[in-house]
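Below is one structure, written out as structure tokens; the observations come after it.
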Amino acid sequence: MTEETATDHETEHRGQSGHAGYTGIFRGLFESVIEAVRTRLDLAAVEAEIFVLRTIRMVLWALAALACALLALAFAVVAVVAALWDTHRMAGVLSGAGLFVVLAVVFGYIASRTFKGRPAMLEGTLQQLETDQRRVSGNP
């Protein structure tokens with residue numbers, strides 16, 4: 001009976017250690033997944049912050065440049081209208097208005113080109129997630 005009890009005890013012990021081994025593997029896998037997700041979220045947060053700061057800076061500089069340009073242009077148009085007031089009032093006013101329309105079109109084109117040229121938000125994070133997905137699927 002002692003031999004039988006020892007054999008049963010060894011079998012139970014082996015079963016528990018096998019179960020504990022799988023638990024350890026799953027725990028390690030789960031910890032790795034959580035660490036990878038945390039790393040990706042940290043990367044996403046940094047990219048989002050950089051994106052917001054870059055956008056704010058770009059908008060502020062664009063508004064400052066636009067305000068200065070429009071003020072200078074307004075003073076130039078006033079000077080032209082004042083110089084032509086006695087002889088060609090309408091020509092001075094219409095040329096000033098035409099100049100503002102042309103500048104609005106040019107600024108609109110530059111703004112649209114600028115916004116199209118910048119990288120998408122979280123582009124690096126999405127690329128890293130695609131790389132992870134390829135690794136998991138077995139494609140390098």
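By convention here, the chains of the structure tokens are called A, B, ... in the order presented, each chain's residues are numbered starting at 1, and ligands are numbered starting at 1 in the order presented.
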Distance query Ala97 in chain A at most 12 Å, only C-alpha atoms, self and fewer than 2 positions along chain excluded, as a PDB file with N, CA and C atoms, in the first residue's frame:
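This is the output file part36.pdb:
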```
ATOM      1  N   LEU A  70      -1.958  90.584 -44.680  1.00  0.00           N
ATOM      2  CA  LEU A  70      -3.221  91.287 -44.963  1.00  0.00           C
ATOM      3  C   LEU A  70      -3.194  92.727 -44.459  1.00  0.00           C
ATOM      4  N   LEU A  73      -1.067  94.632 -46.923  1.00  0.00           N
ATOM      5  CA  LEU A  73      -1.831  94.804 -48.158  1.00  0.00           C
ATOM      6  C   LEU A  73      -2.936  95.843 -47.989  1.00  0.00           C
ATOM      7  N   ALA A  74      -3.594  95.827 -46.854  1.00  0.00           N
ATOM      8  CA  ALA A  74      -4.656  96.808 -46.613  1.00  0.00           C
ATOM      9  C   ALA A  74      -4.098  98.224 -46.618  1.00  0.00           C
ATOM     10  N   ALA A  76      -1.428  99.176 -48.212  1.00  0.00           N
ATOM     11  CA  ALA A  76      -1.047  99.466 -49.598  1.00  0.00           C
ATOM     12  C   ALA A  76      -2.266  99.843 -50.428  1.00  0.00           C
ATOM     13  N   VAL A  77      -3.378  99.153 -50.252  1.00  0.00           N
ATOM     14  CA  VAL A  77      -4.606  99.466 -50.995  1.00  0.00           C
ATOM     15  C   VAL A  77      -5.127 100.846 -50.591  1.00  0.00           C
ATOM     16  N   VAL A  78      -5.076 101.153 -49.306  1.00  0.00           N
ATOM     17  CA  VAL A  78      -5.510 102.483 -48.851  1.00  0.00           C
ATOM     18  C   VAL A  78      -4.638 103.561 -49.485  1.00  0.00           C
ATOM     19  N   VAL A  80      -3.032 103.360 -52.377  1.00  0.00           N
ATOM     20  CA  VAL A  80      -3.381 103.449 -53.807  1.00  0.00           C
ATOM     21  C   VAL A  80      -4.693 104.198 -53.982  1.00  0.00           C
ATOM     22  N   VAL A  81      -5.689 103.869 -53.187  1.00  0.00           N
ATOM     23  CA  VAL A  81      -6.989 104.547 -53.301  1.00  0.00           C
ATOM     24  C   VAL A  81      -6.844 106.029 -52.980  1.00  0.00           C
ATOM     25  N   MET A  90     -12.677 104.287 -58.678  1.00  0.00           N
ATOM     26  CA  MET A  90     -13.154 102.900 -58.849  1.00  0.00           C
ATOM     27  C   MET A  90     -12.026 101.972 -59.274  1.00  0.00           C
ATOM     28  N   ALA A  91     -11.114 102.427 -60.094  1.00  0.00           N
ATOM     29  CA  ALA A  91      -9.997 101.578 -60.516  1.00  0.00           C
ATOM     30  C   ALA A  91      -9.142 101.200 -59.304  1.00  0.00           C
ATOM     31  N   GLY A  92      -8.892 102.141 -58.429  1.00  0.00           N
ATOM     32  CA  GLY A  92      -8.102 101.859 -57.223  1.00  0.00           C
ATOM     33  C   GLY A  92      -8.795 100.886 -56.300  1.00  0.00           C
ATOM     34  N   VAL A  93     -10.101 101.082 -56.066  1.00  0.00           N
ATOM     35  CA  VAL A  93     -10.852 100.196 -55.172  1.00  0.00           C
ATOM     36  C   VAL A  93     -10.975  98.793 -55.761  1.00  0.00           C
ATOM     37  N   LEU A  94     -11.300  98.705 -57.052  1.00  0.00           N
ATOM     38  CA  LEU A  94     -11.453  97.390 -57.682  1.00  0.00           C
ATOM     39  C   LEU A  94     -10.122  96.643 -57.789  1.00  0.00           C
ATOM     40  N   SER A  95      -9.031  97.353 -58.048  1.00  0.00           N
ATOM     41  CA  SER A  95      -7.736  96.664 -58.099  1.00  0.00           C
ATOM     42  C   SER A  95      -7.345  96.145 -56.711  1.00  0.00           C
ATOM     43  N   LEU A  99      -6.854  92.216 -55.859  1.00  0.00           N
ATOM     44  CA  LEU A  99      -5.630  91.731 -55.230  1.00  0.00           C
ATOM     45  C   LEU A  99      -5.947  90.855 -54.019  1.00  0.00           C
ATOM     46  N   PHE A 100      -6.934  91.242 -53.218  1.00  0.00           N
ATOM     47  CA  PHE A 100      -7.337  90.422 -52.064  1.00  0.00           C
ATOM     48  C   PHE A 100      -7.915  89.080 -52.506  1.00  0.00           C
ATOM     49  N   VAL A 101      -8.662  89.069 -53.584  1.00  0.00           N
ATOM     50  CA  VAL A 101      -9.228  87.812 -54.089  1.00  0.00           C
ATOM     51  C   VAL A 101      -8.105  86.883 -54.557  1.00  0.00           C
ATOM     52  N   VAL A 102      -7.147  87.439 -55.297  1.00  0.00           N
ATOM     53  CA  VAL A 102      -6.023  86.618 -55.771  1.00  0.00           C
ATOM     54  C   VAL A 102      -5.232  86.057 -54.593  1.00  0.00           C
ATOM     55  N   LEU A 103      -4.975  86.873 -53.598  1.00  0.00           N
ATOM     56  CA  LEU A 103      -4.252  86.386 -52.425  1.00  0.00           C
ATOM     57  C   LEU A 103      -5.033  85.314 -51.669  1.00  0.00           C
ATOM     58  N   ALA A 104      -6.341  85.467 -51.595  1.00  0.00           N
ATOM     59  CA  ALA A 104      -7.158  84.448 -50.923  1.00  0.00           C
ATOM     60  C   ALA A 104      -7.037  83.110 -51.648  1.00  0.00           C
TER      61      ALA A 104
END
```
Where in range 74-138 of chain A does DSSP assign alpha helix (DSSP H), given as a PyMOL selection string?
-> chain A and resi 74-83+89-117+123-137
Save the residues we just selected, N, CA and C atoms, as a compact mmCIF listing (two decimals), in the first residue's frame?
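Below is the file again.txt, written as the result:
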```txt
# COMPACT_ATOMS: atom_id res chain seq x y z
N ALA A 74 -3.59 95.83 -46.85
CA ALA A 74 -4.66 96.81 -46.61
C ALA A 74 -4.10 98.22 -46.62
N PHE A 75 -2.94 98.42 -46.00
CA PHE A 75 -2.33 99.75 -46.02
C PHE A 75 -1.91 100.14 -47.44
N ALA A 76 -1.43 99.18 -48.21
CA ALA A 76 -1.05 99.47 -49.60
C ALA A 76 -2.27 99.84 -50.43
N VAL A 77 -3.38 99.15 -50.25
CA VAL A 77 -4.61 99.47 -51.00
C VAL A 77 -5.13 100.85 -50.59
N VAL A 78 -5.08 101.15 -49.31
CA VAL A 78 -5.51 102.48 -48.85
C VAL A 78 -4.64 103.56 -49.48
N ALA A 79 -3.33 103.30 -49.57
CA ALA A 79 -2.43 104.27 -50.19
C ALA A 79 -2.75 104.45 -51.67
N VAL A 80 -3.03 103.36 -52.38
CA VAL A 80 -3.38 103.45 -53.81
C VAL A 80 -4.69 104.20 -53.98
N VAL A 81 -5.69 103.87 -53.19
CA VAL A 81 -6.99 104.55 -53.30
C VAL A 81 -6.84 106.03 -52.98
N ALA A 82 -6.06 106.36 -51.97
CA ALA A 82 -5.85 107.78 -51.62
C ALA A 82 -5.13 108.52 -52.74
N ALA A 83 -4.18 107.85 -53.39
CA ALA A 83 -3.44 108.50 -54.48
C ALA A 83 -4.31 108.69 -55.71
N ARG A 89 -11.05 106.67 -58.83
CA ARG A 89 -11.46 106.05 -57.57
C ARG A 89 -11.81 104.58 -57.74
N MET A 90 -12.68 104.29 -58.68
CA MET A 90 -13.15 102.90 -58.85
C MET A 90 -12.03 101.97 -59.27
N ALA A 91 -11.11 102.43 -60.09
CA ALA A 91 -10.00 101.58 -60.52
C ALA A 91 -9.14 101.20 -59.30
N GLY A 92 -8.89 102.14 -58.43
CA GLY A 92 -8.10 101.86 -57.22
C GLY A 92 -8.80 100.89 -56.30
N VAL A 93 -10.10 101.08 -56.07
CA VAL A 93 -10.85 100.20 -55.17
C VAL A 93 -10.98 98.79 -55.76
N LEU A 94 -11.30 98.71 -57.05
CA LEU A 94 -11.45 97.39 -57.68
C LEU A 94 -10.12 96.64 -57.79
N SER A 95 -9.03 97.35 -58.05
CA SER A 95 -7.74 96.66 -58.10
C SER A 95 -7.34 96.15 -56.71
N GLY A 96 -7.65 96.91 -55.67
CA GLY A 96 -7.39 96.44 -54.31
C GLY A 96 -8.21 95.21 -53.97
N ALA A 97 -9.50 95.21 -54.35
CA ALA A 97 -10.36 94.05 -54.10
C ALA A 97 -9.89 92.84 -54.89
N GLY A 98 -9.49 93.07 -56.15
CA GLY A 98 -8.98 91.97 -56.98
C GLY A 98 -7.72 91.37 -56.40
N LEU A 99 -6.85 92.22 -55.86
CA LEU A 99 -5.63 91.73 -55.23
C LEU A 99 -5.95 90.85 -54.02
N PHE A 100 -6.93 91.24 -53.22
CA PHE A 100 -7.34 90.42 -52.06
C PHE A 100 -7.91 89.08 -52.51
N VAL A 101 -8.66 89.07 -53.58
CA VAL A 101 -9.23 87.81 -54.09
C VAL A 101 -8.11 86.88 -54.56
N VAL A 102 -7.15 87.44 -55.30
CA VAL A 102 -6.02 86.62 -55.77
C VAL A 102 -5.23 86.06 -54.59
N LEU A 103 -4.98 86.87 -53.60
CA LEU A 103 -4.25 86.39 -52.43
C LEU A 103 -5.03 85.31 -51.67
N ALA A 104 -6.34 85.47 -51.60
CA ALA A 104 -7.16 84.45 -50.92
C ALA A 104 -7.04 83.11 -51.65
N VAL A 105 -7.04 83.13 -52.97
CA VAL A 105 -6.89 81.89 -53.73
C VAL A 105 -5.51 81.28 -53.52
N VAL A 106 -4.47 82.11 -53.56
CA VAL A 106 -3.10 81.60 -53.37
C VAL A 106 -2.95 81.02 -51.97
N PHE A 107 -3.42 81.72 -50.94
CA PHE A 107 -3.31 81.22 -49.57
C PHE A 107 -4.11 79.93 -49.39
N GLY A 108 -5.27 79.85 -50.01
CA GLY A 108 -6.07 78.63 -49.92
C GLY A 108 -5.35 77.44 -50.55
N TYR A 109 -4.71 77.67 -51.68
CA TYR A 109 -3.95 76.60 -52.34
C TYR A 109 -2.78 76.15 -51.48
N ILE A 110 -2.05 77.10 -50.92
CA ILE A 110 -0.90 76.76 -50.06
C ILE A 110 -1.36 76.00 -48.82
N ALA A 111 -2.46 76.44 -48.23
CA ALA A 111 -2.98 75.75 -47.05
C ALA A 111 -3.40 74.31 -47.36
N SER A 112 -4.08 74.12 -48.49
CA SER A 112 -4.52 72.76 -48.83
C SER A 112 -3.32 71.86 -49.12
N ARG A 113 -2.30 72.39 -49.78
CA ARG A 113 -1.10 71.60 -50.05
C ARG A 113 -0.35 71.27 -48.76
N THR A 114 -0.33 72.21 -47.82
CA THR A 114 0.35 71.98 -46.54
C THR A 114 -0.34 70.88 -45.74
N PHE A 115 -1.67 70.91 -45.69
CA PHE A 115 -2.39 69.91 -44.90
C PHE A 115 -2.34 68.54 -45.54
N LYS A 116 -2.22 68.48 -46.86
CA LYS A 116 -2.11 67.17 -47.53
C LYS A 116 -0.73 66.57 -47.34
N GLY A 117 0.29 67.39 -47.18
CA GLY A 117 1.66 66.91 -47.11
C GLY A 117 2.10 66.40 -45.75
N GLU A 123 0.51 57.55 -37.46
CA GLU A 123 1.02 56.75 -38.58
C GLU A 123 2.07 55.75 -38.12
N GLY A 124 2.99 56.18 -37.24
CA GLY A 124 4.02 55.28 -36.74
C GLY A 124 3.45 54.13 -35.91
N THR A 125 2.45 54.43 -35.12
CA THR A 125 1.81 53.40 -34.31
C THR A 125 1.13 52.37 -35.20
N LEU A 126 0.41 52.84 -36.22
CA LEU A 126 -0.26 51.91 -37.12
C LEU A 126 0.74 51.05 -37.89
N GLN A 127 1.87 51.63 -38.29
CA GLN A 127 2.90 50.84 -38.96
C GLN A 127 3.47 49.78 -38.03
N GLN A 128 3.68 50.15 -36.77
CA GLN A 128 4.21 49.19 -35.80
C GLN A 128 3.21 48.06 -35.55
N LEU A 129 1.93 48.39 -35.49
CA LEU A 129 0.91 47.35 -35.31
C LEU A 129 0.85 46.42 -36.52
N GLU A 130 1.02 46.95 -37.73
CA GLU A 130 1.07 46.11 -38.91
C GLU A 130 2.27 45.17 -38.87
N THR A 131 3.42 45.69 -38.42
CA THR A 131 4.61 44.87 -38.27
C THR A 131 4.36 43.75 -37.26
N ASP A 132 3.73 44.08 -36.14
CA ASP A 132 3.41 43.05 -35.14
C ASP A 132 2.47 42.01 -35.71
N GLN A 133 1.50 42.46 -36.48
CA GLN A 133 0.54 41.51 -37.07
C GLN A 133 1.25 40.57 -38.06
N ARG A 134 2.17 41.09 -38.85
CA ARG A 134 2.93 40.24 -39.77
C ARG A 134 3.78 39.24 -39.01
N ARG A 135 4.40 39.67 -37.90
CA ARG A 135 5.20 38.75 -37.10
C ARG A 135 4.37 37.63 -36.52
N VAL A 136 3.19 37.97 -36.04
CA VAL A 136 2.32 36.96 -35.43
C VAL A 136 1.84 35.96 -36.48
N SER A 137 1.54 36.46 -37.69
CA SER A 137 1.04 35.57 -38.73
C SER A 137 2.16 34.74 -39.37
```
Expressed in Å, the length from CA of Ala72 in chain A to CA of Leu53 in chain A is 28.6 Å
